[in-house]
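Contents: one structure, followed by commentary.
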Amino acid sequence: MPPVLVFARLTVQESSRRRLLLALVILTLLVVGFSAWGFNKITTVTRSDGTVLPHDQVSLITSQLLIVITFMYSGVLALSAAVVAGPLISSEVESGLLLSMLARPVRRSEVVIGKWLGLAILVTIYAAGSALLELTAVNWATGYEPPHPVELVLYVAAEGLALLSLGLVLSTRLSGITEA
Amino acid sequence: MGVAAAAPAIHTVDLTKRFGGTVALTGLSMTVPRGEIFGFLGPNGAGKTTSVKLLLGLLKPSSGEAWLLGEPIGDLGTRPRIGYLPELFRYQGWLDAREVLALHCELAPLPRSTWKEEIAAALDTVGLTDRADDRVSTFSKGMQQRLGLAAALVGKPELVFLDEPTSALDPVGRHDVREIIRGLSDRGTAVFLNSHLLSEVEQVCDRVAVVDHGRVIASGTMDELLSGTAVKVRVSGLDDSARTKLAAFGPLDDEGEHLTFTKLDIERVPELVSTIVALGGRVYEVSPRHQTLEDRFLQLLHEDEK
């Protein structure tokens with residue numbers, strides 16, 4: 001396996017072995033569950049005459065709420081990606097974890113690209129998976145389906161990827177400063 | 001290949017490294033033949049680890065040149081033939097020992113069919129076979145250092161860099177590491193041993209170089225370096241000015257009641273004793289002995305300060 005893929009695999013392996021993924025999945029399920037419950041409440045709200053909201057009105061409210069939630073969610077995902085990526089390389093340089101591996105026939109660029117690839121795979125899978133889950137939950141709770149679900153998922157994943165890349169680039173620069 | 005096969009394990013010419021205005025290593029020129037155990041000594045901050053990192057290509061030299069196994073330093077093609085145990089060692093806590101070694105086999109890169117055998121042999125050499133399937137996070141520091149040594153040994157390298165390989169080990173572990181180093185040398189692997197544990201170096205190394213302030217201040221075989229005699233004197237009643245006068249007898253390691261003259265000709269011992277007595281000192285014991293590496297090391301550093 002080329003070194004880039006070895007480092008990508010190592011990154012994915014680390015997050016799963018350290019139960020980071022498990023914790024993330026549990027938290028996500030909780031959040032999706034709560035939001036489904038909340039969305040479902042929209043359909044049970046009664047007006048002063050005792051009738052429930054008509055379907056069009058439920059869809060309108062749901063669509064607006066979903067947009068707000070998506071923005072909040074993408075922000076949290078992007079921030080966490082940056083926070084995870086930031087210390088990734090510099091901490092491994094400082095702790096000496098990378099030293100013995102860098103003495104192997106491995107380019108530094110391969111280490112960085114490999115780590116980026118591993119995290120990118122994680123972020124993309126997580127973004128796509130959780131967004132899909134949320135859309136399914138909303139659909140189940142209110143019957144609403146956004147007009148461009150694929151674009152929504154892509155947007156969320158792309159934002160995470162962009163911040164992850166920036167974080168990693170900064171992280172390698174920072175290590176250069178602390179190393180000397 | 002003919003030239004490279006005959007080339008020394010390490011050859012450096014005027015290797016120099018500066019970090020901004022600080023000179024970490026200046027004009028390192030040395031040759032380490034194949035199969036030799038070479039000790040690289042020096043006080044903390046002398047430039048030992050910098051030298052190792054330069055040779056491994058982890059740092060770029062400011063000037064000078066060096067070759068490992070006949071190839072210029074930093075050449076990725078040479079690295080599969082080199083093993084390295086860093087001074088600051090840490091391994092992936094979420095992997096077990098076998099997986100860490102498999103990772104190094106993969107990066108080395110060794111053919112997959114040889115991994116099992118290589119890993120088993122390396123684990124056996126460092127005595128970690130029964131902990132092979134335990135997570136590294138459960139390892140003590142000493143066990144992690146053993147694991148690091150195992151990682152440096154996979155793939156039967158022709159040259160191994162060990163940077164303070166026994167810093168976390170107990171006396172038994174140190175003894176084991178000395179045996180491992182001798183074993184490496186027997187099968188033709190050159191060992192570059194970075195250490196400030198002098199007795200250790202004295203026991204295993206064929207040749208040593210002493211560095212201080214980024215310069216090599218002495219180098220040679222152990223016999224060449226340790227030719228003199230050291231004299232230890234137990235004495236009382238000497239004040240500071242008297243002790244200063246004793247500097248005429250060469251470098252002095254002053255430990256209060258015990259004074260060690262790290263290089264003193266045995267013929268001068270009577271003169272030394274009469275001088276101490278004349279200065280008002282009371283002599284209880286005088287024991288000449290062969291110079292140890294520690295005596296010589298202190299003497300060299302002492303001379304370097306002048």
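Simple scheme: letters A, B, ... for chains in structure tokens order, numbers from 1 for residues in each chain, numbers from 1 for ligands in the order shown.
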
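Residue-level contacts from chain B to chain A at 6 Å, counting only C-alpha atoms, read Leu76, Arg79, Leu88, Phe89, Arg90, Tyr91 and Ala108 of chain B.
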
For this session: Could you pull out the residues in chain A that DSSP calls helix (DSSP H, G or I) from the backbone, as an NGL selection string?
Result: :A and (3-17 or 20-44 or 55-95 or 99-102 or 108-142 or 149-179)

For this session: Write out as a PyMOL selection string each polymer residue whose atoms come within 7 Å of region 52-66 of chain A, counting only C-alpha atoms; drop sequence neighbours fewer than 2 positions from it.
Result: chain A and resi 39+42-47+50+68-70+144+146

Exercise. Any idea what the distance is between CA of Glu158 (chain B) and CA of Thr189 (chain B)?
Worked result: 4.6 Å

For this session: List the neighbours of region 95-100 of chain B out to 9 Å using only C-alpha atoms; skip same-chain residues closer than 2 positions along the sequence, and give me the result as a ChimeraX atom specification.
Result: /A:13-14,17 /B:91-93,102-105,119-120,123,128,131-137,144,147,151

Keeping N, CA, C and O atoms, export the residues of the selection given above as a tab-separated table (two decimals), in the first residue's frame.
```
chain	number	residue	atom	x	y	z
A	13	GLN	N	-8.35	4.48	11.34
A	13	GLN	CA	-8.23	3.45	12.38
A	13	GLN	C	-8.16	4.09	13.76
A	13	GLN	O	-8.80	3.64	14.70
A	14	GLU	N	-7.39	5.18	13.87
A	14	GLU	CA	-7.24	5.85	15.15
A	14	GLU	C	-8.58	6.35	15.67
A	14	GLU	O	-8.93	6.13	16.81
A	17	ARG	N	-10.68	3.36	16.71
A	17	ARG	CA	-10.18	2.66	17.90
A	17	ARG	C	-10.33	3.52	19.15
A	17	ARG	O	-10.51	3.00	20.24
B	91	TYR	N	4.67	5.65	20.60
B	91	TYR	CA	4.05	4.88	19.53
B	91	TYR	C	2.54	4.91	19.69
B	91	TYR	O	2.04	5.27	20.74
B	92	GLN	N	1.85	4.55	18.61
B	92	GLN	CA	0.40	4.66	18.58
B	92	GLN	C	-0.24	3.84	19.69
B	92	GLN	O	-0.27	2.61	19.61
B	93	GLY	N	-0.78	4.52	20.69
B	93	GLY	CA	-1.35	3.83	21.85
B	93	GLY	C	-2.55	2.97	21.49
B	93	GLY	O	-2.89	2.04	22.21
B	102	ALA	N	3.99	-4.03	12.39
B	102	ALA	CA	3.49	-4.26	11.02
B	102	ALA	C	3.48	-2.94	10.25
B	102	ALA	O	3.81	-2.90	9.06
B	103	LEU	N	3.12	-1.87	10.95
B	103	LEU	CA	3.12	-0.54	10.32
B	103	LEU	C	4.52	-0.19	9.83
B	103	LEU	O	4.71	0.30	8.72
B	104	HIS	N	5.52	-0.48	10.67
B	104	HIS	CA	6.89	-0.17	10.27
B	104	HIS	C	7.35	-1.09	9.13
B	104	HIS	O	8.10	-0.65	8.26
B	105	CYS	N	6.89	-2.35	9.16
B	105	CYS	CA	7.21	-3.26	8.04
B	105	CYS	C	6.62	-2.69	6.76
B	105	CYS	O	7.23	-2.73	5.70
B	119	ILE	N	8.39	-9.62	12.43
B	119	ILE	CA	7.77	-9.11	13.67
B	119	ILE	C	8.06	-10.06	14.83
B	119	ILE	O	8.44	-9.63	15.92
B	120	ALA	N	7.90	-11.36	14.57
B	120	ALA	CA	8.15	-12.33	15.63
B	120	ALA	C	9.59	-12.25	16.10
B	120	ALA	O	9.87	-12.26	17.31
B	123	LEU	N	10.15	-8.95	18.10
B	123	LEU	CA	9.52	-9.03	19.43
B	123	LEU	C	10.33	-9.92	20.35
B	123	LEU	O	10.52	-9.62	21.53
B	128	LEU	N	9.40	-8.87	24.06
B	128	LEU	CA	8.01	-8.41	24.19
B	128	LEU	C	7.01	-9.43	23.63
B	128	LEU	O	5.84	-9.10	23.45
B	131	ARG	N	3.67	-9.80	25.20
B	131	ARG	CA	2.79	-8.63	25.24
B	131	ARG	C	2.41	-8.17	23.83
B	131	ARG	O	1.88	-7.08	23.63
B	132	ALA	N	2.69	-9.04	22.84
B	132	ALA	CA	2.54	-8.65	21.43
B	132	ALA	C	1.13	-8.18	21.09
B	132	ALA	O	0.95	-7.31	20.23
B	133	ASP	N	0.12	-8.74	21.76
B	133	ASP	CA	-1.25	-8.39	21.37
B	133	ASP	C	-1.90	-7.39	22.33
B	133	ASP	O	-3.11	-7.19	22.31
B	134	ASP	N	-1.09	-6.76	23.17
B	134	ASP	CA	-1.63	-5.73	24.07
B	134	ASP	C	-1.47	-4.36	23.46
B	134	ASP	O	-0.50	-4.08	22.76
B	135	ARG	N	-2.46	-3.51	23.75
B	135	ARG	CA	-2.39	-2.13	23.26
B	135	ARG	C	-1.16	-1.42	23.83
B	135	ARG	O	-0.83	-1.58	25.01
B	136	VAL	N	-0.53	-0.61	23.00
B	136	VAL	CA	0.67	0.10	23.42
B	136	VAL	C	0.36	1.08	24.56
B	136	VAL	O	1.22	1.36	25.40
B	137	SER	N	-0.90	1.56	24.62
B	137	SER	CA	-1.25	2.50	25.69
B	137	SER	C	-1.13	1.86	27.08
B	137	SER	O	-1.05	2.57	28.07
B	144	GLN	N	7.74	0.61	26.08
B	144	GLN	CA	7.62	1.38	24.83
B	144	GLN	C	8.98	1.55	24.18
B	144	GLN	O	9.11	1.53	22.96
B	147	LEU	N	9.80	-1.55	22.49
B	147	LEU	CA	9.03	-1.63	21.24
B	147	LEU	C	9.70	-0.77	20.16
B	147	LEU	O	9.80	-1.17	18.99
B	151	ALA	N	11.06	-1.80	16.55
B	151	ALA	CA	10.69	-1.13	15.29
B	151	ALA	C	11.94	-0.76	14.50
B	151	ALA	O	11.95	-0.81	13.27
```

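Going from CA of Leu166 (chain A) to CA of Ile89 (chain A) covers 12.8 Å.
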
For this session: Measure the distance from CA of Gly57 (chain B) to CA of Asp75 (chain B) in Å and round it to one decimal.
Result: 7.7 Å

Problem set entry | Long-range neighbours of Val153 (chain A) as JSON, numbers by chain, 12 Å cut-off, only C-alpha atoms, 4 positions minimum in chain | {"A": [70, 71, 73, 74, 123, 124, 125, 126, 127, 128, 129, 130, 131, 132, 133, 134, 135, 146, 148, 149, 157, 158, 159, 160]}

Exercise. Leu169 (chain B): which residues within 8 Å, counting only C-alpha atoms, same-chain residues fewer than 2 positions away excluded, as a PyMOL selection string?
Worked result: chain B and resi 141-142+145+166-167+171-174

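Nearest residue to Leu79 (chain A) among A:Pro147, A:Val169, A:Leu154, A:Ala162 is A:Ala162, counting only C-alpha atoms.
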
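The list of residues with at least one atom within 12 Å of Arg282 (chain B), based on only C-alpha atoms and without residues fewer than 3 positions apart in the same chain, reads Val233, Arg234, Val235, Ser236, Gly237, Leu238, Asp239, Glu257, His258, Val273, Ser274, Thr275, Ile276, Val277, Ala278, Leu279, Glu285 and Val286 of chain B.
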
For this session: Go through B:Ala46, B:Leu259, B:Ala6, B:Leu41 one by one, measure the shortest atom-to-atom distance of each to Thr22 (chain B) using only C-alpha atoms, and give the residue with the smallest value.
Result: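 Checking each of B:Ala46, B:Leu259, B:Ala6, B:Leu41 against Thr22 (chain B), counting only C-alpha atoms, the winner is B:Ala46.
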